[in-house]
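Structure first, commentary second.
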Amino acid sequence: MKVYNYFAFSTYKLLEIVFKKDNERILVLKTSFIISLLILLVLYSIKGIFELNGYNDTVIPPLYIFLLIVIIWLPNYIYLNKKNFLMDNNVFSLKNVIQVLLFIITVVAGFIIIANKNRERIFRERGYSEEMINNGGKEAFDPQKKPESLEEKIRLWYYNTFEKKDSTDIK
């Protein structure tokens with residue numbers, strides 16, 4: 001709990017410096033929201049690690065994600081509203097800022113890396129070729145093929161307007 005209080009204190013003080021005009025209630029609200037999102041990202045990263053190791057991956061509907069955020073945020077906000085985390089005799093310094101930012105960057109980067117590995121695993125399970133996996137699950141652009149969607153029409157226009165001229169010029 002001491003680590004949580006330290007992180008909450010550091011986040012609160014950092015937000016207090018960045019948003020000087022906000023009152024205490026709004027700062028507590030922002031702090032609880034940031035901490036809740038980080039907890040949610042950590043939970044999804046753990047879920048992604050289990051899925052990478054062969055456990056069943058189930059699709060979670062958006063409503064459940066919203067409910068999970070509320071379930072994490074509400075007790076977090078109630079606890080932070082009591083201002084117990086400010087009474088731990090923590091001293092705010094540059095060290096706190098660096099630790100909070102490193103933790104946030106680490107959680108977000110870890111989440112992105114694990115999500116990318118799971119995306120590749122899902123594409124391989126569905127039998128996509130290596131070229132399609134590297135292209136984000138889409139077929140490579142073929143200018144000879146008739147465009148079927150707006151995205152393909154825009155790609156063809158871009159190819160005909162810019163790339164075709166560059167590839168045929170002899171320098």
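Simple scheme: letters A, B, ... for chains in structure tokens order, numbers from 1 for residues in each chain, numbers from 1 for ligands in the order shown.
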
Just the residues within 7 Å of region 29-34 of chain A, please, counting only C-alpha atoms, with nothing from its chain fewer than 2 positions along; format it as a list in words.
->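 Here the answer would be Ala8, Thr11, Tyr12, Arg25, Ile26, Leu27, Ser36, Leu37, Leu38, Trp73, Asn76, Tyr77 and Leu80 of chain A.
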
Which neighbours of region 130-136 of chain A fall inside 7 Å, counting only C-alpha atoms, when residues of the same chain fewer than 4 positions from it are skipped, and could you give them as a PyMOL selection string?
-> chain A and resi 120+123+140

If we count only C-alpha atoms, what is near Leu94 (chain A) at a cut-off of 12 Å, once residues fewer than 2 positions away on the same chain are taken out, given as a count of residues only?
-> 12

Tell me, as a list in words, which residues lie within 9 Å of Pro143 (chain A), counting only C-alpha atoms; anything in the same chain fewer than 5 positions away does not count.
->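 So, after excluding close chain neighbours, the residues are Arg155, Leu156, Tyr159 and Asn160 of chain A.
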
Nearest residue to Lys95 (chain A) from the set A:Trp157, A:Phe66, A:Phe19, A:Tyr6 (distances using only C-alpha atoms) |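 Nearest to Lys95 (chain A): A:Tyr6.
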
Best match for closeness to Asn5 (chain A) among A:Asn116, A:Asn56, A:Asn90, A:Thr106, counting only C-alpha atoms |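 Among the listed residues, A:Asn90 lies closest to Asn5 (chain A).
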
Selected residue, from A:Asp22, A:Val70, A:Ala115, A:Val28, that lies nearest to Val42 (chain A) when counting only C-alpha atoms | A:Ala115

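Across the model, the gap from CA of Ile35 (chain A) to CA of Gly110 (chain A) is 16.1 Å.
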
Going by DSSP on the backbone, which residues of chain A come out as alpha helix (DSSP H)? List them as an mmCIF file with N, CA and C atoms, in the first residue's frame.
data_model
loop_
_atom_site.group_PDB
_atom_site.id
_atom_site.type_symbol
_atom_site.label_atom_id
_atom_site.label_comp_id
_atom_site.auth_asym_id
_atom_site.auth_seq_id
_atom_site.Cartn_x
_atom_site.Cartn_y
_atom_site.Cartn_z
ATOM 1 N N LYS A 2 2.050 1.123 0.567
ATOM 2 C CA LYS A 2 2.942 2.272 0.626
ATOM 3 C C LYS A 2 3.401 2.666 -0.792
ATOM 4 N N VAL A 3 3.634 1.661 -1.653
ATOM 5 C CA VAL A 3 4.039 1.940 -3.031
ATOM 6 C C VAL A 3 2.899 2.633 -3.778
ATOM 7 N N TYR A 4 1.673 2.163 -3.551
ATOM 8 C CA TYR A 4 0.504 2.783 -4.180
ATOM 9 C C TYR A 4 0.371 4.230 -3.724
ATOM 10 N N ASN A 5 0.511 4.474 -2.425
ATOM 11 C CA ASN A 5 0.425 5.845 -1.900
ATOM 12 C C ASN A 5 1.518 6.725 -2.488
ATOM 13 N N TYR A 6 2.715 6.175 -2.625
ATOM 14 C CA TYR A 6 3.827 6.936 -3.189
ATOM 15 C C TYR A 6 3.539 7.303 -4.647
ATOM 16 N N PHE A 7 3.036 6.328 -5.411
ATOM 17 C CA PHE A 7 2.717 6.580 -6.810
ATOM 18 C C PHE A 7 1.570 7.590 -6.932
ATOM 19 N N ALA A 8 0.543 7.449 -6.088
ATOM 20 C CA ALA A 8 -0.578 8.387 -6.117
ATOM 21 C C ALA A 8 -0.114 9.789 -5.738
ATOM 22 N N PHE A 9 0.728 9.875 -4.733
ATOM 23 C CA PHE A 9 1.257 11.179 -4.311
ATOM 24 C C PHE A 9 2.057 11.823 -5.439
ATOM 25 N N SER A 10 2.929 11.049 -6.056
ATOM 26 C CA SER A 10 3.768 11.581 -7.133
ATOM 27 C C SER A 10 2.932 12.020 -8.325
ATOM 28 N N THR A 11 1.940 11.222 -8.680
ATOM 29 C CA THR A 11 1.068 11.573 -9.799
ATOM 30 C C THR A 11 0.264 12.832 -9.475
ATOM 31 N N TYR A 12 -0.262 12.901 -8.268
ATOM 32 C CA TYR A 12 -1.045 14.069 -7.845
ATOM 33 C C TYR A 12 -0.198 15.338 -7.900
ATOM 34 N N LYS A 13 1.006 15.272 -7.356
ATOM 35 C CA LYS A 13 1.864 16.455 -7.332
ATOM 36 C C LYS A 13 2.301 16.853 -8.742
ATOM 37 N N LEU A 14 2.558 15.866 -9.596
ATOM 38 C CA LEU A 14 2.919 16.163 -10.976
ATOM 39 C C LEU A 14 1.757 16.851 -11.695
ATOM 40 N N LEU A 15 0.551 16.345 -11.501
ATOM 41 C CA LEU A 15 -0.625 16.978 -12.102
ATOM 42 C C LEU A 15 -0.868 18.359 -11.518
ATOM 43 N N GLU A 16 -0.547 18.539 -10.243
ATOM 44 C CA GLU A 16 -0.702 19.836 -9.605
ATOM 45 C C GLU A 16 0.221 20.875 -10.238
ATOM 46 N N ILE A 17 1.418 20.434 -10.629
ATOM 47 C CA ILE A 17 2.357 21.338 -11.295
ATOM 48 C C ILE A 17 1.903 21.641 -12.722
ATOM 49 N N VAL A 18 1.446 20.618 -13.421
ATOM 50 C CA VAL A 18 1.059 20.792 -14.822
ATOM 51 C C VAL A 18 -0.240 21.597 -14.943
ATOM 52 N N GLU A 24 -8.425 20.960 -5.960
ATOM 53 C CA GLU A 24 -8.021 19.649 -5.433
ATOM 54 C C GLU A 24 -8.928 18.527 -5.902
ATOM 55 N N ARG A 25 -10.204 18.780 -5.980
ATOM 56 C CA ARG A 25 -11.148 17.730 -6.367
ATOM 57 C C ARG A 25 -10.891 17.245 -7.795
ATOM 58 N N ILE A 26 -10.646 18.167 -8.698
ATOM 59 C CA ILE A 26 -10.376 17.794 -10.092
ATOM 60 C C ILE A 26 -9.031 17.067 -10.190
ATOM 61 N N LEU A 27 -8.047 17.496 -9.422
ATOM 62 C CA LEU A 27 -6.751 16.818 -9.430
ATOM 63 C C LEU A 27 -6.863 15.388 -8.908
ATOM 64 N N VAL A 28 -7.662 15.187 -7.868
ATOM 65 C CA VAL A 28 -7.884 13.829 -7.346
ATOM 66 C C VAL A 28 -8.600 12.985 -8.397
ATOM 67 N N LEU A 29 -9.556 13.585 -9.084
ATOM 68 C CA LEU A 29 -10.278 12.874 -10.140
ATOM 69 C C LEU A 29 -9.325 12.456 -11.264
ATOM 70 N N LYS A 30 -8.464 13.367 -11.694
ATOM 71 C CA LYS A 30 -7.492 13.050 -12.750
ATOM 72 C C LYS A 30 -6.490 12.000 -12.281
ATOM 73 N N THR A 31 -6.037 12.105 -11.046
ATOM 74 C CA THR A 31 -5.086 11.127 -10.507
ATOM 75 C C THR A 31 -5.713 9.739 -10.461
ATOM 76 N N SER A 32 -6.945 9.647 -9.978
ATOM 77 C CA SER A 32 -7.595 8.337 -9.902
ATOM 78 C C SER A 32 -7.845 7.766 -11.290
ATOM 79 N N PHE A 33 -8.155 8.621 -12.253
ATOM 80 C CA PHE A 33 -8.382 8.148 -13.619
ATOM 81 C C PHE A 33 -7.086 7.605 -14.232
ATOM 82 N N ILE A 34 -5.975 8.314 -14.042
ATOM 83 C CA ILE A 34 -4.690 7.862 -14.575
ATOM 84 C C ILE A 34 -4.281 6.544 -13.945
ATOM 85 N N ILE A 35 -4.408 6.445 -12.634
ATOM 86 C CA ILE A 35 -4.030 5.210 -11.948
ATOM 87 C C ILE A 35 -4.933 4.060 -12.380
ATOM 88 N N SER A 36 -6.219 4.320 -12.542
ATOM 89 C CA SER A 36 -7.146 3.273 -12.985
ATOM 90 C C SER A 36 -6.812 2.777 -14.388
ATOM 91 N N LEU A 37 -6.476 3.700 -15.282
ATOM 92 C CA LEU A 37 -6.094 3.286 -16.636
ATOM 93 C C LEU A 37 -4.808 2.461 -16.626
ATOM 94 N N LEU A 38 -3.861 2.849 -15.801
ATOM 95 C CA LEU A 38 -2.625 2.069 -15.706
ATOM 96 C C LEU A 38 -2.895 0.673 -15.146
ATOM 97 N N ILE A 39 -3.751 0.583 -14.144
ATOM 98 C CA ILE A 39 -4.106 -0.731 -13.595
ATOM 99 C C ILE A 39 -4.785 -1.574 -14.662
ATOM 100 N N LEU A 40 -5.677 -0.966 -15.432
ATOM 101 C CA LEU A 40 -6.355 -1.681 -16.511
ATOM 102 C C LEU A 40 -5.352 -2.168 -17.563
ATOM 103 N N LEU A 41 -4.391 -1.327 -17.936
ATOM 104 C CA LEU A 41 -3.375 -1.748 -18.903
ATOM 105 C C LEU A 41 -2.526 -2.887 -18.358
ATOM 106 N N VAL A 42 -2.201 -2.847 -17.084
ATOM 107 C CA VAL A 42 -1.430 -3.933 -16.472
ATOM 108 C C VAL A 42 -2.243 -5.227 -16.491
ATOM 109 N N LEU A 43 -3.536 -5.150 -16.166
ATOM 110 C CA LEU A 43 -4.387 -6.342 -16.201
ATOM 111 C C LEU A 43 -4.490 -6.915 -17.612
ATOM 112 N N TYR A 44 -4.651 -6.046 -18.605
ATOM 113 C CA TYR A 44 -4.705 -6.531 -19.986
ATOM 114 C C TYR A 44 -3.359 -7.096 -20.434
ATOM 115 N N SER A 45 -2.273 -6.551 -19.946
ATOM 116 C CA SER A 45 -0.962 -7.098 -20.286
ATOM 117 C C SER A 45 -0.800 -8.494 -19.695
ATOM 118 N N ILE A 46 -1.238 -8.672 -18.460
ATOM 119 C CA ILE A 46 -1.174 -9.996 -17.828
ATOM 120 C C ILE A 46 -2.048 -10.981 -18.594
ATOM 121 N N LYS A 47 -3.247 -10.539 -18.986
ATOM 122 C CA LYS A 47 -4.136 -11.384 -19.798
ATOM 123 C C LYS A 47 -3.462 -11.745 -21.122
ATOM 124 N N GLY A 48 -2.785 -10.772 -21.737
ATOM 125 C CA GLY A 48 -2.082 -11.030 -22.993
ATOM 126 C C GLY A 48 -0.940 -12.015 -22.835
ATOM 127 N N ILE A 49 -0.234 -11.949 -21.714
ATOM 128 C CA ILE A 49 0.851 -12.908 -21.460
ATOM 129 C C ILE A 49 0.288 -14.319 -21.331
ATOM 130 N N PHE A 50 -0.844 -14.459 -20.635
ATOM 131 C CA PHE A 50 -1.480 -15.778 -20.534
ATOM 132 C C PHE A 50 -1.896 -16.285 -21.908
ATOM 133 N N GLU A 51 -2.441 -15.412 -22.732
ATOM 134 C CA GLU A 51 -2.860 -15.819 -24.073
ATOM 135 C C GLU A 51 -1.672 -16.218 -24.932
ATOM 136 N N LEU A 52 -0.534 -15.535 -24.763
ATOM 137 C CA LEU A 52 0.666 -15.916 -25.517
ATOM 138 C C LEU A 52 1.160 -17.302 -25.122
ATOM 139 N N PRO A 62 -17.101 -4.474 -25.214
ATOM 140 C CA PRO A 62 -16.800 -3.119 -24.738
ATOM 141 C C PRO A 62 -17.547 -2.737 -23.463
ATOM 142 N N LEU A 63 -18.767 -3.252 -23.279
ATOM 143 C CA LEU A 63 -19.509 -2.945 -22.065
ATOM 144 C C LEU A 63 -18.778 -3.461 -20.832
ATOM 145 N N TYR A 64 -18.195 -4.646 -20.940
ATOM 146 C CA TYR A 64 -17.444 -5.205 -19.813
ATOM 147 C C TYR A 64 -16.190 -4.389 -19.532
ATOM 148 N N ILE A 65 -15.571 -3.872 -20.583
ATOM 149 C CA ILE A 65 -14.391 -3.023 -20.390
ATOM 150 C C ILE A 65 -14.791 -1.758 -19.641
ATOM 151 N N PHE A 66 -15.906 -1.161 -20.019
ATOM 152 C CA PHE A 66 -16.395 0.030 -19.325
ATOM 153 C C PHE A 66 -16.700 -0.288 -17.860
ATOM 154 N N LEU A 67 -17.364 -1.414 -17.614
ATOM 155 C CA LEU A 67 -17.674 -1.804 -16.241
ATOM 156 C C LEU A 67 -16.402 -2.081 -15.434
ATOM 157 N N LEU A 68 -15.410 -2.673 -16.075
ATOM 158 C CA LEU A 68 -14.146 -2.932 -15.395
ATOM 159 C C LEU A 68 -13.447 -1.627 -15.020
ATOM 160 N N ILE A 69 -13.478 -0.651 -15.910
ATOM 161 C CA ILE A 69 -12.886 0.660 -15.604
ATOM 162 C C ILE A 69 -13.613 1.301 -14.420
ATOM 163 N N VAL A 70 -14.947 1.223 -14.401
ATOM 164 C CA VAL A 70 -15.712 1.804 -13.299
ATOM 165 C C VAL A 70 -15.411 1.070 -11.995
ATOM 166 N N ILE A 71 -15.331 -0.257 -12.059
ATOM 167 C CA ILE A 71 -15.047 -1.055 -10.865
ATOM 168 C C ILE A 71 -13.657 -0.738 -10.316
ATOM 169 N N ILE A 72 -12.700 -0.498 -11.178
ATOM 170 C CA ILE A 72 -11.351 -0.134 -10.726
ATOM 171 C C ILE A 72 -11.327 1.315 -10.264
ATOM 172 N N TRP A 73 -12.002 2.195 -10.985
ATOM 173 C CA TRP A 73 -11.912 3.622 -10.699
ATOM 174 C C TRP A 73 -12.626 4.024 -9.411
ATOM 175 N N LEU A 74 -13.808 3.458 -9.155
ATOM 176 C CA LEU A 74 -14.621 3.903 -8.028
ATOM 177 C C LEU A 74 -13.917 3.737 -6.674
ATOM 178 N N PRO A 75 -13.422 2.544 -6.308
ATOM 179 C CA PRO A 75 -12.715 2.450 -5.021
ATOM 180 C C PRO A 75 -11.434 3.286 -5.002
ATOM 181 N N ASN A 76 -10.805 3.382 -6.153
ATOM 182 C CA ASN A 76 -9.603 4.193 -6.267
ATOM 183 C C ASN A 76 -9.916 5.657 -5.961
ATOM 184 N N TYR A 77 -10.985 6.173 -6.546
ATOM 185 C CA TYR A 77 -11.382 7.562 -6.326
ATOM 186 C C TYR A 77 -11.801 7.793 -4.872
ATOM 187 N N ILE A 78 -12.551 6.856 -4.312
ATOM 188 C CA ILE A 78 -12.986 7.001 -2.920
ATOM 189 C C ILE A 78 -11.787 7.035 -1.988
ATOM 190 N N TYR A 79 -10.811 6.167 -2.233
ATOM 191 C CA TYR A 79 -9.616 6.153 -1.387
ATOM 192 C C TYR A 79 -8.811 7.447 -1.537
ATOM 193 N N LEU A 80 -8.629 7.870 -2.767
ATOM 194 C CA LEU A 80 -7.841 9.080 -2.999
ATOM 195 C C LEU A 80 -8.565 10.339 -2.509
ATOM 196 N N ASN A 81 -9.883 10.308 -2.473
ATOM 197 C CA ASN A 81 -10.637 11.457 -2.006
ATOM 198 C C ASN A 81 -10.442 11.711 -0.510
ATOM 199 N N LEU A 94 12.323 15.788 -8.292
ATOM 200 C CA LEU A 94 12.502 15.352 -9.670
ATOM 201 C C LEU A 94 12.533 13.825 -9.758
ATOM 202 N N LYS A 95 13.019 13.197 -8.714
ATOM 203 C CA LYS A 95 13.062 11.733 -8.659
ATOM 204 C C LYS A 95 11.655 11.143 -8.791
ATOM 205 N N ASN A 96 10.674 11.765 -8.127
ATOM 206 C CA ASN A 96 9.292 11.304 -8.225
ATOM 207 C C ASN A 96 8.774 11.406 -9.657
ATOM 208 N N VAL A 97 9.045 12.511 -10.291
ATOM 209 C CA VAL A 97 8.582 12.735 -11.668
ATOM 210 C C VAL A 97 9.169 11.681 -12.596
ATOM 211 N N ILE A 98 10.458 11.452 -12.469
ATOM 212 C CA ILE A 98 11.126 10.467 -13.328
ATOM 213 C C ILE A 98 10.564 9.077 -13.083
ATOM 214 N N GLN A 99 10.349 8.710 -11.824
ATOM 215 C CA GLN A 99 9.823 7.385 -11.516
ATOM 216 C C GLN A 99 8.414 7.195 -12.060
ATOM 217 N N VAL A 100 7.570 8.197 -11.911
ATOM 218 C CA VAL A 100 6.201 8.095 -12.412
ATOM 219 C C VAL A 100 6.192 7.997 -13.932
ATOM 220 N N LEU A 101 6.949 8.851 -14.586
ATOM 221 C CA LEU A 101 6.983 8.820 -16.055
ATOM 222 C C LEU A 101 7.585 7.520 -16.576
ATOM 223 N N LEU A 102 8.628 7.010 -15.937
ATOM 224 C CA LEU A 102 9.208 5.726 -16.348
ATOM 225 C C LEU A 102 8.211 4.591 -16.160
ATOM 226 N N PHE A 103 7.475 4.616 -15.063
ATOM 227 C CA PHE A 103 6.476 3.572 -14.836
ATOM 228 C C PHE A 103 5.382 3.629 -15.898
ATOM 229 N N ILE A 104 4.901 4.818 -16.195
ATOM 230 C CA ILE A 104 3.854 4.962 -17.213
ATOM 231 C C ILE A 104 4.360 4.509 -18.574
ATOM 232 N N ILE A 105 5.564 4.926 -18.941
ATOM 233 C CA ILE A 105 6.138 4.529 -20.232
ATOM 234 C C ILE A 105 6.346 3.020 -20.290
ATOM 235 N N THR A 106 6.804 2.430 -19.191
ATOM 236 C CA THR A 106 7.028 0.983 -19.149
ATOM 237 C C THR A 106 5.720 0.221 -19.302
ATOM 238 N N VAL A 107 4.678 0.646 -18.605
ATOM 239 C CA VAL A 107 3.382 -0.042 -18.692
ATOM 240 C C VAL A 107 2.811 0.069 -20.102
ATOM 241 N N VAL A 108 2.839 1.249 -20.680
ATOM 242 C CA VAL A 108 2.287 1.442 -22.026
ATOM 243 C C VAL A 108 3.103 0.679 -23.070
ATOM 244 N N ALA A 109 4.431 0.747 -22.972
ATOM 245 C CA ALA A 109 5.280 0.028 -23.932
ATOM 246 C C ALA A 109 5.090 -1.481 -23.800
ATOM 247 N N GLY A 110 5.013 -1.971 -22.582
ATOM 248 C CA GLY A 110 4.782 -3.401 -22.370
ATOM 249 C C GLY A 110 3.450 -3.839 -22.949
ATOM 250 N N PHE A 111 2.424 -3.034 -22.751
ATOM 251 C CA PHE A 111 1.104 -3.345 -23.291
ATOM 252 C C PHE A 111 1.145 -3.400 -24.817
ATOM 253 N N ILE A 112 1.801 -2.438 -25.437
ATOM 254 C CA ILE A 112 1.883 -2.399 -26.903
ATOM 255 C C ILE A 112 2.659 -3.597 -27.446
ATOM 256 N N ILE A 113 3.765 -3.946 -26.807
ATOM 257 C CA ILE A 113 4.573 -5.088 -27.254
ATOM 258 C C ILE A 113 3.781 -6.382 -27.142
ATOM 259 N N ILE A 114 3.121 -6.586 -26.011
ATOM 260 C CA ILE A 114 2.341 -7.816 -25.812
ATOM 261 C C ILE A 114 1.170 -7.866 -26.784
ATOM 262 N N ALA A 115 0.500 -6.744 -27.011
ATOM 263 C CA ALA A 115 -0.618 -6.712 -27.961
ATOM 264 C C ALA A 115 -0.144 -7.027 -29.376
ATOM 265 N N ASN A 116 1.028 -6.529 -29.755
ATOM 266 C CA ASN A 116 1.568 -6.811 -31.085
ATOM 267 C C ASN A 116 1.908 -8.290 -31.235
ATOM 268 N N LYS A 117 2.494 -8.892 -30.198
ATOM 269 C CA LYS A 117 2.800 -10.333 -30.249
ATOM 270 C C LYS A 117 1.515 -11.146 -30.377
ATOM 271 N N ASN A 118 0.471 -10.759 -29.644
ATOM 272 C CA ASN A 118 -0.801 -11.475 -29.735
ATOM 273 C C ASN A 118 -1.442 -11.304 -31.103
ATOM 274 N N ARG A 119 -1.306 -10.128 -31.699
ATOM 275 C CA ARG A 119 -1.842 -9.909 -33.043
ATOM 276 C C ARG A 119 -1.164 -10.843 -34.032
ATOM 277 N N GLU A 120 0.160 -10.945 -33.957
ATOM 278 C CA GLU A 120 0.888 -11.854 -34.843
ATOM 279 C C GLU A 120 0.483 -13.308 -34.597
ATOM 280 N N ARG A 121 0.286 -13.690 -33.338
ATOM 281 C CA ARG A 121 -0.121 -15.060 -33.012
ATOM 282 C C ARG A 121 -1.491 -15.359 -33.612
ATOM 283 N N ILE A 122 -2.410 -14.414 -33.495
ATOM 284 C CA ILE A 122 -3.760 -14.617 -34.046
ATOM 285 C C ILE A 122 -3.699 -14.736 -35.568
ATOM 286 N N PHE A 123 -2.896 -13.905 -36.225
ATOM 287 C CA PHE A 123 -2.768 -13.990 -37.676
ATOM 288 C C PHE A 123 -2.171 -15.336 -38.096
ATOM 289 N N ARG A 124 -1.187 -15.821 -37.364
ATOM 290 C CA ARG A 124 -0.590 -17.121 -37.706
ATOM 291 C C ARG A 124 -1.606 -18.250 -37.520
ATOM 292 N N GLU A 125 -2.412 -18.182 -36.442
ATOM 293 C CA GLU A 125 -3.427 -19.207 -36.203
ATOM 294 C C GLU A 125 -4.474 -19.215 -37.314
ATOM 295 N N GLU A 130 3.147 -14.554 -44.288
ATOM 296 C CA GLU A 130 4.068 -13.651 -43.586
ATOM 297 C C GLU A 130 3.949 -12.219 -44.113
ATOM 298 N N GLU A 131 3.696 -12.083 -45.425
ATOM 299 C CA GLU A 131 3.531 -10.760 -46.018
ATOM 300 C C GLU A 131 2.282 -10.064 -45.468
ATOM 301 N N MET A 132 1.191 -10.814 -45.310
ATOM 302 C CA MET A 132 -0.027 -10.232 -44.759
ATOM 303 C C MET A 132 0.133 -9.885 -43.282
ATOM 304 N N ILE A 133 0.878 -10.700 -42.540
ATOM 305 C CA ILE A 133 1.124 -10.413 -41.124
ATOM 306 C C ILE A 133 1.894 -9.111 -40.994
ATOM 307 N N ASN A 134 2.906 -8.937 -41.830
ATOM 308 C CA ASN A 134 3.701 -7.709 -41.777
ATOM 309 C C ASN A 134 2.928 -6.492 -42.265
ATOM 310 N N LEU A 150 -13.249 2.473 -50.443
ATOM 311 C CA LEU A 150 -12.756 3.844 -50.497
ATOM 312 C C LEU A 150 -11.260 3.888 -50.201
ATOM 313 N N GLU A 151 -10.825 3.071 -49.240
ATOM 314 C CA GLU A 151 -9.393 3.034 -48.920
ATOM 315 C C GLU A 151 -8.568 2.602 -50.127
ATOM 316 N N GLU A 152 -9.026 1.592 -50.843
ATOM 317 C CA GLU A 152 -8.305 1.133 -52.029
ATOM 318 C C GLU A 152 -8.320 2.193 -53.128
ATOM 319 N N LYS A 153 -9.425 2.938 -53.258
ATOM 320 C CA LYS A 153 -9.473 4.013 -54.246
ATOM 321 C C LYS A 153 -8.474 5.116 -53.900
ATOM 322 N N ILE A 154 -8.379 5.441 -52.629
ATOM 323 C CA ILE A 154 -7.415 6.463 -52.201
ATOM 324 C C ILE A 154 -5.990 5.980 -52.419
ATOM 325 N N ARG A 155 -5.714 4.716 -52.128
ATOM 326 C CA ARG A 155 -4.375 4.166 -52.370
ATOM 327 C C ARG A 155 -4.030 4.202 -53.861
ATOM 328 N N LEU A 156 -4.998 3.845 -54.702
ATOM 329 C CA LEU A 156 -4.761 3.871 -56.140
ATOM 330 C C LEU A 156 -4.523 5.301 -56.620
ATOM 331 N N TRP A 157 -5.311 6.247 -56.134
ATOM 332 C CA TRP A 157 -5.103 7.644 -56.481
ATOM 333 C C TRP A 157 -3.720 8.105 -56.044
ATOM 334 N N TYR A 158 -3.320 7.767 -54.815
ATOM 335 C CA TYR A 158 -2.002 8.158 -54.302
ATOM 336 C C TYR A 158 -0.897 7.540 -55.151
ATOM 337 N N LYS A 164 3.822 6.396 -58.868
ATOM 338 C CA LYS A 164 4.021 5.930 -60.231
ATOM 339 C C LYS A 164 5.018 6.829 -60.965
ATOM 340 N N LYS A 165 4.895 8.132 -60.769
ATOM 341 C CA LYS A 165 5.791 9.074 -61.410
ATOM 342 C C LYS A 165 7.226 8.933 -60.886
ATOM 343 N N ASP A 166 7.345 8.684 -59.578
ATOM 344 C CA ASP A 166 8.671 8.547 -58.988
ATOM 345 C C ASP A 166 9.369 7.270 -59.452
ATOM 346 N N SER A 167 8.588 6.194 -59.635
ATOM 347 C CA SER A 167 9.200 4.917 -59.989
ATOM 348 C C SER A 167 9.593 4.863 -61.463
ATOM 349 N N THR A 168 8.968 5.673 -62.334
ATOM 350 C CA THR A 168 9.285 5.616 -63.761
ATOM 351 C C THR A 168 10.354 6.619 -64.161
#
